[in-house]
Structures are given as C-alpha cells and as structure tokens.
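Visitor: Got a structure for you, questions after.
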Amino acid sequence: MSKSDNDVVITGIGIVTCYGVGKEPHVALLSAAEMTSPQVETERFKPYPVHPMPEIDWSEQITKRGDQRQMENWQRLGVFTAGLALDDAGLKTDAEACSSMDMIVAAGGGERDIKVDSLIVDEALKRNDREILLNEKLTTELRPTLFLAQLSNLVAGNISIVHKVTGSSRTFMGEESAGISAVETAFHRIKAGQSTHSLVGGAFVAERADILLLVEGIRAHATGEWHPLWQRSSENGGGMMMGTVGAFLVLESRAHAESRGAHIYAAIDAVEGDRGSREDGKLEQRLSRLAGLTSDVSPEQTVIFSGASGLVDASARERSVLEDKLGGATLRGYGGVTGHGMEAQFPLGLALAALTLDGGLSVPSFDPSIEQPMAAPAKHAVVTTVGYTRGEGLAVLSPNA
Amino acid sequence: MSDNRFKDHLGRPIIAVTGMGVITSLGQGLQDNWAALTSGTSGIHNITRFPTAGLSTRISGTVDFIDVPVENPVERSYAYARETTAEALAQAGLSGDFEGPLFLAAPPVEPEWSARFALADRAPPAQVEGDAYDRFLAAMRERPDPSFLEAVQFGSISERLADRFGTRGLPVTLSTACASGATAIQLGVEAIRQGRTDRSLVVATDGSVSAEALIRFSLLSALSTQNDPPEKASKPFSKERDGFVIAEGAATLVLESLEAAVARGAKVLGIVKGCGEKADHFHRTRSSPDGAPAIATIRAALSDAGIDETGIGYINAHGTSTPENDKMEYSSMLAVFGDRLKDIPVSSNKSMIGHTLTAAGAVEAVFSIQTMLTGTLPPTINYVNPDPAIVLDVVPNTKRNQQVTAVLSNSFGFGGQNASLVMTVEPA
C-alpha cells in the first residue's frame, strides 16, 4: 500500500500478560525457536485454570501511593499498561502531547468486595427480610471509594489523573467488542483527521471469582489442566481460559508520528467489527466478509494472530473460516498462551502483531498439532477476535516498510 | 455534486436530527414529557422498587411504568431504549432495517442481589469466611444459568437493539459516566462526518437504580437527602441544594447528514452543530477548581460549531443540584460568556426529572431541540432561594415563551468526563 499522511500507525505498545511486563518478554515469546510454556495458575480457582498476573511493581507507572490505593488491580493494570504504552511511544513526559491526546478505553467492571458480599449472603441465609438486611449491610460495610474502583469509566479517569491524558476520554463497554470498537473508532477518527494521536486499549484481570462466575453461567470456562488452544474439548469444561492481560497502543497519523520522529511499529491497513446471529452459518458468513479486508495481502506472507477464546465450537468455526479464506497463512492462536483477555483481547492481538512485524520475527507454534512452523518472517499480519458470546473483529497490519 | 448547503464551516456534512424519542419519570414519549416539563411538573417520587427503611435518601426518578420480563438493569435499560427508539424512528419516518451504526450509552451492570441470594440458596454451605463466590461457582457448575450471564453482559442491550432495529456493523456501547448521552451523540456525529454512513442511531438509556446503586452514590455524599416532599428535592442553583436525585430514563436521536435527510424528504427537527470534550485530571469525583476542563469543553463545542459565544440563546445546564457541580458549571459558563451570561436563560431539566445519569446527555439534547422547536423554555423548578453566588436567569419555576435558535447543552461526570453540544434550528 502506498503511504499517506493519514495512515494509522502504531507507535507505542504497552503490554502485560502472564509472560511478564512490557515488550521484552513478549518479543522473547514471539521469537523463540519453540514456544515458552505459559504461566498457569491451577490451584487458586480450582477447577478453573487461569493465566495469572506477572509480578508488577506498580510504582514504575503509578508513582503516587495515594493513586494506587484509590484503585483495585483491574484499574491499576489498565493505568500501568497505558503508562507503558506512553513511555514506549516517547510521550510519557510530553505534557503537550498528553493534554491533546484522545483516549478510548475498553472496559468491563471493577472488583467486587468479596468479603462484604460473602458477609451479606451468609447473613441473608438466616433472615427473611433480605432487602432490609441489604440496606443495613451495604450502608455500613461498603467502602465509599470502592464504587469508584468498580466504575467502568474510571480506568480512563485514572489514566487522566496519573498520566495527564486529557484530550478526550471515552470508555467503551461490551466484552471483546469493546476492544474491537475502540480500535475501529480510533482508526476512523485518525483516518478522517478528527484525531492525530490516540491511546487505545484495555485491561482484564482473570484472577477474579466474580468474573469466573459470570462466564460459568454458560459453562464457558475450561477446567483442569492447561491444554493448547485448538486441543480444548468439552471433556474439560467449555474451553475458554481467562488470562490477566493489559494491552494499550498509541495510534497516530503517519504525519503526526513522522513529524516527531517516532518509531513506527506497523500500520493498520484496515479494521472492522460486526455482530449478529451465529446460527445457520451466519458466523462463517460474517467472518468470511471480514476476511475480505485482506484482499490486498498474500496469505503465504501473512501471519494470523487469532484471538480465539478457546470456546470449543466458536474456535473451531473461526479456524475453519481462516483456513478457507486465508489458506497458506501462518496461524497463531495467541489466547492459548496468554489466556483470554476479554476487553483487552483485540488490542493484545494488535500489540503482538505489531511487535512481530516490526522485529521481523518468526513466531513459534503455540499448538504444534495445528499451527505450522513459520518459514520466513511475515509481510502482513491479520488479527482476529471472536467474542465468546457475541461480536467479531478483524484487523490487517503491515510493517512500516 | 455535493451542495454547499449541506456542508458546515469546515466543509463537513451538516448533521440533522430527524427523529427523537424520550422516556423519563415524567412519562413516555416526547409529547407527554414536554407537557409535564413545561408545566413545571416533577417526576421525583418516593422509591417503591425496594425498601428504603434506614436509607438517608428515599426518593428517585425511577421509571416504573414500562413492563419488563424480569427486574434488572439490563431488562429495564433495554425496554426504555426500545421504546424511545421506536418513537424516534417513527418520527423520522423510517421503517425496516435502520442500516446505519448504533451508538449506545448504557450503564455498567452487575448481578442483582436477588440473583446472588438465589445462588446462595442453592449453593453448598460456607466452609470458611468470605467464600461466597466459591460456593456460587459450585452452584453454577452444577446448574449453569445463561440468564445470569446475559443480565450482566455489557453488550446485552446493544445486541437486542441491533437485532430489533437492524443497525449495521458492531454497535458501540459506551460509558462516560454522566456525560455518556452526550458522548453517544458525539460518536454518531463523528461517524457521519467521517463519511462512513449517512445516518447514525444514537441511544442513551439508564435503568440502573437499585438499592446498591443508590447507597453507593449516597456514600459519596452525592445525593440529596431532602426526602420530603420528593418533588422539591432537586433544586439546581438554589442555596439549599444538597445533592442530585438519582433517576432513570432514555432517549434516542436519529442523526442524518442533512443532505440525506433532505434527499428523502425527512422533516429536520434540528441540527447538531458542534461537539466538544476535554478530560479533567484533577480528581476522581471533583472537577478542577479553576474549571479549566469544563471551560475548554464549552469552547471546543462552540469552535466545532463555528459560532462564538454571542450565538448561544439558551443553555440547557448539566445543573445536577449538587453544591459543587452547580458552582463549577456557573463559573465555567461565566468564564466563557462573561457579563452576557446573566442575560442568557439557563435552565436545568434535572430540577424535574432528576439525574438520569447515563441517559442525561441525550435526554437533555432532545429537550434542547424541543425548546427550539416550540419556542418554550422549560423552567428550573424549586428555585425559591437562589444561591447568591450564582447569578443566572434560570427561568425560575415557570416556563417562558421565547424563541431561541442556538442552544448549548452541558454534561459533566465522575472520572473527569466533560462533554458539551451545540444545537441549532437552522443549518447555517
């Protein structure tokens, strides 16, 4: 593709997964000869394995203890990872750039106070006037500031406070779709000249019983030991394995990035989301249409970072479309090793794809039974995310050649 | 050939509003709401949805007249949104699939306590202190409950709206706290300006009033405790104001490029001329004392609209009735409008409908356009003892017949969220 001033380029990457903090452990993962086994926590939420948060020194990105205390881990992870992305883009200390920077955060909700909730339900088991009890206990037991730690838009709010990103602040919700829409919206704003530089991403904490409970409503979660992504089966739960993930990107117009001499990891050529019924082959139809965004790229020179959740049926259907529409491309199901990062899943895929293209990396197979070795570094990357209950997205990236 | 009549001062498509729908505690539909709003009627009442014994705030502007299959925030928020969207599309004269993107402002949702209690009832007994979720998980493994998940998925509401009204692509569900409704409009405007679509469906809804929601705001000292009588509690810009009144509602706006609207012969109700936003990094719940972000937001909206401050004839205030918001909003408006501010009518719909939170920005945008269409300024009720530090023409207590051609509507929220909209009658 020919270059243009309003091309959307990735100039900052903030990333946290069970492999560690920042780019280095992830470049190592993506460039190793063989897959480095992921960290898996199998005891704490038994029978549900999750990919845990790595060791993080919050102070590296959230210097004030007071700010750290105002948040729980989900918001901390978002603010921390956003800081990594700003640092990486060389904008962390650029007050002018941050004060005019647009921001879209893909967010769920914050941690429940498990102790207070337990206390209330235990007491309620002994009483008939449960609603009265609720009023009594919530009034006396809830920490006033906990509300703020739970509010969806307070990841963005805290990024404004800690990193002074204040051009605009928007929070998108809706599970994986939130992350897809965040990238899609920022992309179109930059393309149209409505924004010159945007911070986009999300965070997800897997080590939360309150979250596991939600997905277990449809028995989506894998149980027992870790299995490679495409090997998961209904013998071990639903197939989805959550992972603690923070993923933020700094997106800029090419003109903005070049004028400040920023390093460009990759350009986003196209991104689109869709949704709808998944019955009667309609998921396949939509994914096939989205795969049409890749018409300019040669599959043989393409690596696909699939964000498949591991959910048995949906993942198999996605893979089948990718093999059909992009036969010859190298497939890498990244959620198999990082865990499923929900709102952060799609931004995570873009971060991994950008690192891969930038470094010319040959990514090891994450599931050798299905994923073929990579003969040569890819010229293009495709990122997919199929939501575990709804929503699909696909992006096409190219190196800054 | 595209026509200059259809482009704004920056050569972008002009955005027309061709359909509006609204629900508040005052009733369903624009007609009923407008009649109540202009007669100075309050929709604030004692809460009956849950017991309020022992609570410091016992009043709200809940919407209790829309049937829902199950009482939870997703069902309520969806039902309100469905109704306002049907109303707006009918007014716009659109039937069949909408075929444009959906931008939805919706509240963050969590499981209802009744659902937690039901899980506890069928869960194994406690083993150790604080293990409720381990027990919930055991119960859920035993018998999964898709309705439990669906009631707490943030994408549940947009999913149903998208199916019902045939919107295109992946809908955006957003939250910018109390500015959400305005942000949804802004996203709808941006999509048309990008040339991605000729029309956007903008919906903002909030059916999230529950005991826990009320108590959380209460613990932050954000709510009025002047429970008796309920209809007098919300008193924006008054000396005795002591907090907002939590409320529910929804609004839908059909946005179209003026060119597309004219081409299909649609009636143009108003123009969304400009949008502005600026985040605040001062504090999680408080605004910068100097009001700089709110000032920048209003100025950004005026600049985006291509008009200066002399062009604004009426301001639909955020006016929450909290001591801090009203003071900050006043000083910000004063900074922008200067001496002329005292001559600009500024009223707060929240004096009558309370704070519809996620929906507020869109509900108030609908009322702003209706203000221009009817030449009637809705009053700020309960304005008996003005705050002497706030010198405003709040259209006190009774409506005023006055034609205005350009309106500013403000929305400010927790988390440093600020958004303002400029709406006009005429495209030029």
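Naming works like this for the structure tokens: A, B, ... for the chains as they're shown, residue 1 at the start of each chain, ligands 1 onward in shown order.
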Check every residue of chain A for an atom within 6 Å of chain B, counting only C-alpha atoms, and provide those that qualify as a PDB file with C-alpha atoms, in the first residue's frame.

Guide:
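Once written, part-v2.pdb looks like this:
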ATOM      1  CA  LYS A 115     -15.732 -10.230  51.870  1.00  0.00           C
ATOM      2  CA  SER A 118     -19.979 -13.052  51.464  1.00  0.00           C
ATOM      3  CA  PRO A 144     -17.242   4.605  49.743  1.00  0.00           C
ATOM      4  CA  ASN A 153     -15.006   4.725  33.101  1.00  0.00           C
ATOM      5  CA  LEU A 154     -12.592   5.140  35.990  1.00  0.00           C
ATOM      6  CA  GLY A 157     -10.409   8.600  34.676  1.00  0.00           C
ATOM      7  CA  SER A 160      -6.157  11.103  33.096  1.00  0.00           C
ATOM      8  CA  ILE A 161      -5.160  11.637  36.714  1.00  0.00           C
ATOM      9  CA  LYS A 164      -2.478  13.506  32.334  1.00  0.00           C
ATOM     10  CA  THR A 166      -6.880  14.662  28.717  1.00  0.00           C
ATOM     11  CA  GLY A 167      -7.593  15.401  25.056  1.00  0.00           C
ATOM     12  CA  SER A 168     -10.682  13.277  25.352  1.00  0.00           C
ATOM     13  CA  SER A 169     -11.749  10.309  27.412  1.00  0.00           C
ATOM     14  CA  ARG A 170     -14.167   7.670  26.215  1.00  0.00           C
ATOM     15  CA  THR A 171     -14.885   4.279  27.673  1.00  0.00           C
ATOM     16  CA  PHE A 172     -16.344   1.505  25.549  1.00  0.00           C
ATOM     17  CA  MET A 173     -18.027  -1.492  27.099  1.00  0.00           C
ATOM     18  CA  GLY A 174     -19.327  -4.820  25.863  1.00  0.00           C
ATOM     19  CA  ALA A 192     -10.654  11.312   8.902  1.00  0.00           C
ATOM     20  CA  ALA A 209     -14.042 -15.280  41.239  1.00  0.00           C
ATOM     21  CA  LEU A 213     -18.875 -16.759  37.946  1.00  0.00           C
ATOM     22  CA  LEU A 214     -20.262 -14.772  35.033  1.00  0.00           C
ATOM     23  CA  GLY A 217     -23.255 -19.023  33.615  1.00  0.00           C
ATOM     24  CA  ILE A 218     -22.843 -20.746  30.241  1.00  0.00           C
ATOM     25  CA  GLY A 273     -16.169  -5.278  13.633  1.00  0.00           C
ATOM     26  CA  ASP A 274     -19.501  -6.975  13.175  1.00  0.00           C
ATOM     27  CA  ARG A 275     -22.075  -8.959  15.075  1.00  0.00           C
TER      28      ARG A 275
END

Visitor: I'd like to know which residues of segment 37-159 of chain A are alpha helix (DSSP H) (by DSSP, run on the backbone); could you write them as a VMD selection string?

Guide: chain A and resid 65 to 69 73 to 88 95 to 99 114 to 124 130 to 141 146 to 150 154 to 159

Visitor: Take atom CA of Gln186 of chain B and atom CA of Val262 of chain B and report the distance between them in Å, one decimal.

Guide: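 Atom CA of Gln186 of chain B sits 21.4 Å away from atom CA of Val262 of chain B.
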
Visitor: Need the shell around Gly61 of chain B: protein/DNA/RNA residues with any atom at most 8 Å away, counting only C-alpha atoms. Skip same-chain ones fewer than 4 positions apart. Format as a VMD selection string?

Guide: chain B and resid 24 to 25 43 to 45 245 to 248 353 to 356

Visitor: Which residues come within 8 Å of segment 305-322 of chain A, counting only C-alpha atoms, excluding same-chain residues fewer than 3 positions away, as a PyMOL selection string?

Guide: chain A and resi 220-221+229-230+232-234+238-241+284+287-288+291+325-327+331-336+339-340+345-346+349+352-353+381-388

Visitor: Considering only C-alpha atoms, can you say which of A:Pro364, A:Gly179, A:Pro54, A:Pro47 comes closest to Leu77 of chain A?

Guide: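 So, comparing all the options, the nearest one is A:Pro54.
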
Visitor: Could you go through segment 6-80 of chain B and tell me which residues DSSP, when run on the backbone, assigns to strand (DSSP E or B), listing them as a VMD selection string?

Guide: chain B and resid 7 13 15 to 24 27 to 28 45 to 46 59 to 61

Visitor: Mind writing the picked residues with N, CA and C atoms as a PDB file, in the first residue's frame?

Guide:
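selection_7.pdb, freshly written:
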ATOM      1  N   LYS B   7     -22.875  21.468   3.746  1.00  0.00           N
ATOM      2  CA  LYS B   7     -21.569  21.400   4.422  1.00  0.00           C
ATOM      3  C   LYS B   7     -21.469  22.481   5.487  1.00  0.00           C
ATOM      4  N   PRO B  13     -20.048  17.293   6.488  1.00  0.00           N
ATOM      5  CA  PRO B  13     -21.505  17.171   6.352  1.00  0.00           C
ATOM      6  C   PRO B  13     -22.203  17.795   7.570  1.00  0.00           C
ATOM      7  N   ILE B  15     -25.090  17.863  10.270  1.00  0.00           N
ATOM      8  CA  ILE B  15     -25.803  16.742  10.887  1.00  0.00           C
ATOM      9  C   ILE B  15     -27.191  17.174  11.337  1.00  0.00           C
ATOM     10  N   ALA B  16     -28.205  16.517  10.780  1.00  0.00           N
ATOM     11  CA  ALA B  16     -29.592  16.832  11.134  1.00  0.00           C
ATOM     12  C   ALA B  16     -30.133  15.801  12.117  1.00  0.00           C
ATOM     13  N   VAL B  17     -31.018  16.260  12.984  1.00  0.00           N
ATOM     14  CA  VAL B  17     -31.792  15.351  13.833  1.00  0.00           C
ATOM     15  C   VAL B  17     -33.150  15.194  13.167  1.00  0.00           C
ATOM     16  N   THR B  18     -33.511  13.948  12.868  1.00  0.00           N
ATOM     17  CA  THR B  18     -34.789  13.743  12.171  1.00  0.00           C
ATOM     18  C   THR B  18     -35.779  12.921  12.982  1.00  0.00           C
ATOM     19  N   GLY B  19     -35.328  12.426  14.139  1.00  0.00           N
ATOM     20  CA  GLY B  19     -36.260  11.674  14.973  1.00  0.00           C
ATOM     21  C   GLY B  19     -35.807  11.727  16.412  1.00  0.00           C
ATOM     22  N   MET B  20     -36.776  11.820  17.339  1.00  0.00           N
ATOM     23  CA  MET B  20     -36.435  11.869  18.758  1.00  0.00           C
ATOM     24  C   MET B  20     -37.459  11.052  19.550  1.00  0.00           C
ATOM     25  N   GLY B  21     -36.967  10.406  20.574  1.00  0.00           N
ATOM     26  CA  GLY B  21     -37.853   9.694  21.487  1.00  0.00           C
ATOM     27  C   GLY B  21     -37.317   9.847  22.894  1.00  0.00           C
ATOM     28  N   VAL B  22     -38.205   9.859  23.873  1.00  0.00           N
ATOM     29  CA  VAL B  22     -37.728  10.057  25.242  1.00  0.00           C
ATOM     30  C   VAL B  22     -38.649   9.401  26.265  1.00  0.00           C
ATOM     31  N   ILE B  23     -38.031   8.904  27.315  1.00  0.00           N
ATOM     32  CA  ILE B  23     -38.758   8.406  28.489  1.00  0.00           C
ATOM     33  C   ILE B  23     -38.053   8.960  29.717  1.00  0.00           C
ATOM     34  N   THR B  24     -38.828   9.517  30.633  1.00  0.00           N
ATOM     35  CA  THR B  24     -38.291   9.880  31.952  1.00  0.00           C
ATOM     36  C   THR B  24     -39.356   9.520  32.975  1.00  0.00           C
ATOM     37  N   GLY B  27     -42.916  10.425  32.189  1.00  0.00           N
ATOM     38  CA  GLY B  27     -43.790   9.680  31.305  1.00  0.00           C
ATOM     39  C   GLY B  27     -43.080   9.190  30.069  1.00  0.00           C
ATOM     40  N   GLN B  28     -43.871   8.592  29.190  1.00  0.00           N
ATOM     41  CA  GLN B  28     -43.333   8.018  27.963  1.00  0.00           C
ATOM     42  C   GLN B  28     -43.685   8.900  26.776  1.00  0.00           C
ATOM     43  N   HIS B  45     -40.224  10.969  43.085  1.00  0.00           N
ATOM     44  CA  HIS B  45     -41.204  10.336  43.972  1.00  0.00           C
ATOM     45  C   HIS B  45     -40.498   9.439  44.985  1.00  0.00           C
ATOM     46  N   ASN B  46     -41.270   8.985  45.965  1.00  0.00           N
ATOM     47  CA  ASN B  46     -40.716   8.013  46.901  1.00  0.00           C
ATOM     48  C   ASN B  46     -40.419   6.712  46.166  1.00  0.00           C
ATOM     49  N   ILE B  59     -35.810   8.790  47.821  1.00  0.00           N
ATOM     50  CA  ILE B  59     -36.550   9.300  46.662  1.00  0.00           C
ATOM     51  C   ILE B  59     -35.735   9.097  45.387  1.00  0.00           C
ATOM     52  N   SER B  60     -36.428   9.087  44.267  1.00  0.00           N
ATOM     53  CA  SER B  60     -35.733   8.968  42.992  1.00  0.00           C
ATOM     54  C   SER B  60     -36.686   9.305  41.862  1.00  0.00           C
ATOM     55  N   GLY B  61     -36.149   9.289  40.670  1.00  0.00           N
ATOM     56  CA  GLY B  61     -36.973   9.474  39.477  1.00  0.00           C
ATOM     57  C   GLY B  61     -36.959   8.195  38.661  1.00  0.00           C
TER      58      GLY B  61
END

Visitor: Counting only C-alpha atoms, which residue out of B:Glu83, B:Asp326, B:Glu364, B:Asp393 sits closest to Asp343 of chain B?

Guide: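 The closest residue to Asp343 of chain B is B:Asp393.
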
Visitor: Calculate how many Å separate atom CA of Ala186 of chain A from atom CA of Glu72 of chain A, rounding to one decimal.

Guide: 27.0 Å

Visitor: Measure the distance from atom CA of Gly108 of chain A to atom CA of Gly341 of chain A in Å and round it to one decimal.

Guide: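 Here the two named atoms are 10.9 Å from each other.
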
Visitor: From the list A:Met35, A:Leu249, A:Val105, A:Leu133, which residue is nearest Pro368 of chain A when using only C-alpha atoms?

Guide: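 For Pro368 of chain A, the nearest of the candidates is A:Met35.
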
Visitor: Pick from A:Ala206, A:Ala344, A:Val21, A:Leu134: nearest to Ser181 of chain A, with only C-alpha atoms counted?

Guide: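 With only C-alpha atoms as the atom set, the closest residue is A:Ala344.
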
Visitor: Which one of A:Lys64, A:Tyr265, A:Asn400, A:Arg390 sits closest to Glu279 of chain A if you count only C-alpha atoms?

Guide: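 The shortest atom-to-atom distance to Glu279 of chain A comes from A:Arg390.
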